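Beneath this line is the structure, given in structure tokens, with notes to follow.
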Amino acid sequence: HKLYSSLQKAADAFRTGILDVFGGSRRTCPLFVLLSPSELAMIWAGTAVGDNAVQQWHEVAVVSEEVSRQAEWLWEVLNEGDEALRGGVLKFCTGVNRLPRSGLQSFQVQPADGNDEALPRAMTCANMLQLPRYSSKQVLRS
């Protein structure tokens, strides 16, 4: 009961928004008839950053030549990592830790000032990660 009541307000707002867009009433809505609960959950919450998502993320990325080596290390670290690590990096770069159903549409990796002691920076509004010129994959990982 506590779980249901804690999510009821958000679920009701979601339902109201769906009904505004697709029509219907509180009891019937074309979208709710056509989609399974798991499909609705994917639309509502997105998907975790699995192996295929990292590949798609890599494919849409535009990488500055200045940090191309560091970007390759980034993809290796993400491929070796678990969904929690991937989600954390995605959240740092974009502001969200899960991907929309259509995947990431754009992503940039640009250089940042500094070297091994510097921290990466992000511009979430532009889906941009700014990487210092790290000397090794191990430095980037840490």
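To be explicit about the labels: the chains of the structure tokens are called A, B, and onward in the order shown, and within each one the residues are counted from 1, while ligands get numbers from 1 in the order they are shown.
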
Checklist entry - Can you list, as an MDAnalysis selection string, every protein, DNA or RNA residue that comes within 12 Å of region 40-44 of chain A when you count only C-alpha atoms, leaving out same-chain residues fewer than 3 positions away? => result chainID A and resid 10:11 13:15 17:18 31:37 47:48 98:103

Item to check | Nearby residues (only C-alpha atoms) at most 7 Å from region 69-74 of chain A, same-chain spacing under 2 positions excluded, as an NGL selection string | outcome: :A and (67 or 76-78 or 109 or 133-134 or 137)

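Among the candidates A:Val139, A:Lys2, A:Val49, A:Asn127, the residue lying nearest to Gly88 (chain A) is A:Val49 (atoms considered: only C-alpha atoms).
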
Item to check | Exercise: Asn79 (chain A) partners within 10 Å, only C-alpha atoms, chain neighbours under 6 positions left out, as a ChimeraX atom specification | outcome: /A:50-55,73,85-86

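Proximity ranking of A:Ser38, A:Ser142, A:Thr16, A:Gln8 relative to Pro120 (chain A) places A:Ser142 first, based on only C-alpha atoms.
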
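Between Lys91 (chain A) and the candidates A:Leu129, A:Asp12, A:Pro111, A:Ser25, the tightest atom-to-atom separation, counting only C-alpha atoms, involves A:Leu129.
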
Pick out each residue of chain A that DSSP on the backbone tags as alpha helix (DSSP H); I need them as a short mmCIF file (atom, residue, chain, number, x, y, z; two decimals) with C-alpha atoms, in the first residue's frame.
data_model
loop_
_atom_site.label_atom_id
_atom_site.label_comp_id
_atom_site.auth_asym_id
_atom_site.auth_seq_id
_atom_site.Cartn_x
_atom_site.Cartn_y
_atom_site.Cartn_z
CA LYS A 2 2.81 2.44 0.85
CA LEU A 3 4.50 1.90 -2.51
CA TYR A 4 1.25 2.46 -4.41
CA SER A 5 0.32 5.57 -2.45
CA SER A 6 3.82 7.05 -2.82
CA LEU A 7 3.62 6.74 -6.62
CA GLN A 8 -0.07 7.48 -7.05
CA LYS A 9 0.34 11.23 -7.62
CA ALA A 10 3.02 10.73 -10.30
CA ALA A 11 1.04 7.92 -11.95
CA ASP A 12 -2.12 10.04 -12.01
CA ALA A 13 -0.23 12.95 -13.58
CA PHE A 14 1.24 10.58 -16.18
CA ARG A 15 -2.22 9.20 -16.97
CA THR A 16 -3.68 12.71 -17.27
CA GLY A 17 -0.92 13.71 -19.69
CA ILE A 18 -1.45 10.58 -21.79
CA LEU A 19 -5.19 11.21 -21.89
CA ASP A 20 -4.59 14.84 -22.93
CA VAL A 21 -2.48 13.68 -25.87
CA PHE A 22 -4.23 10.48 -26.95
CA PRO A 30 -6.17 3.82 -26.72
CA LEU A 31 -2.54 3.85 -25.59
CA PHE A 32 -3.27 1.76 -22.50
CA VAL A 33 -5.05 -0.83 -24.63
CA LEU A 34 -2.25 -1.06 -27.21
CA PRO A 37 2.76 -2.67 -18.81
CA SER A 38 6.46 -3.15 -19.63
CA GLU A 39 6.14 -0.96 -22.74
CA LEU A 40 4.44 1.74 -20.69
CA ALA A 41 7.23 1.52 -18.11
CA MET A 42 9.82 1.96 -20.86
CA ILE A 43 8.05 5.04 -22.18
CA TRP A 44 7.72 6.47 -18.68
CA ALA A 45 11.15 5.65 -17.23
CA ASP A 51 25.72 -3.17 -23.96
CA ASN A 52 23.71 -2.28 -27.07
CA ALA A 53 23.00 1.17 -25.69
CA VAL A 54 26.71 1.86 -25.20
CA GLN A 55 27.29 0.90 -28.84
CA GLN A 56 24.52 3.24 -30.00
CA TRP A 57 25.87 6.00 -27.71
CA HIS A 58 29.32 5.52 -29.29
CA GLU A 59 27.86 5.66 -32.81
CA VAL A 60 26.13 9.02 -32.31
CA SER A 68 40.11 10.80 -29.52
CA ARG A 69 42.39 8.47 -27.54
CA GLN A 70 40.72 9.41 -24.25
CA ALA A 71 37.29 8.91 -25.85
CA GLU A 72 38.27 5.40 -26.96
CA TRP A 73 39.30 4.65 -23.38
CA LEU A 74 35.93 6.00 -22.24
CA TRP A 75 34.06 3.56 -24.51
CA GLU A 76 36.24 0.70 -23.25
CA VAL A 77 35.54 1.63 -19.62
CA LEU A 78 31.80 1.87 -20.33
CA ASN A 79 31.79 -1.50 -22.13
CA GLU A 80 33.66 -3.11 -19.23
CA GLU A 83 24.73 -0.58 -15.81
CA ALA A 84 25.21 1.46 -12.63
CA LEU A 85 28.51 2.90 -13.89
CA ARG A 86 27.08 3.56 -17.34
CA GLY A 87 24.00 5.22 -15.87
CA GLY A 88 26.17 7.39 -13.64
CA VAL A 89 28.32 8.55 -16.56
CA LEU A 90 25.22 9.17 -18.66
CA LYS A 91 23.65 11.21 -15.85
CA PHE A 92 26.83 13.25 -15.44
CA CYS A 93 26.87 14.02 -19.19
CA THR A 94 23.18 14.44 -19.95
CA LYS A 137 42.88 4.48 -19.39
CA GLN A 138 43.53 3.75 -15.69
CA VAL A 139 43.66 7.48 -14.90
CA LEU A 140 40.42 8.04 -16.80
CA ARG A 141 38.74 5.13 -14.96
#

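Note that the spacing between CA of Ser135 (chain A) and CA of Ala118 (chain A) amounts to 11.4 Å.
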
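The two atoms in question, CA of Gln105 (chain A) and CA of Gly23 (chain A), are spaced 28.4 Å apart.
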
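Atom pair CA of Val63 (chain A) / CA of Asp82 (chain A): separated by 23.0 Å.
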
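With only C-alpha atoms as the atoms that count, the residue of A:Ser106, A:Thr28, A:Asp113, A:Pro132 with the shortest distance to Ala61 (chain A) is A:Ser106.
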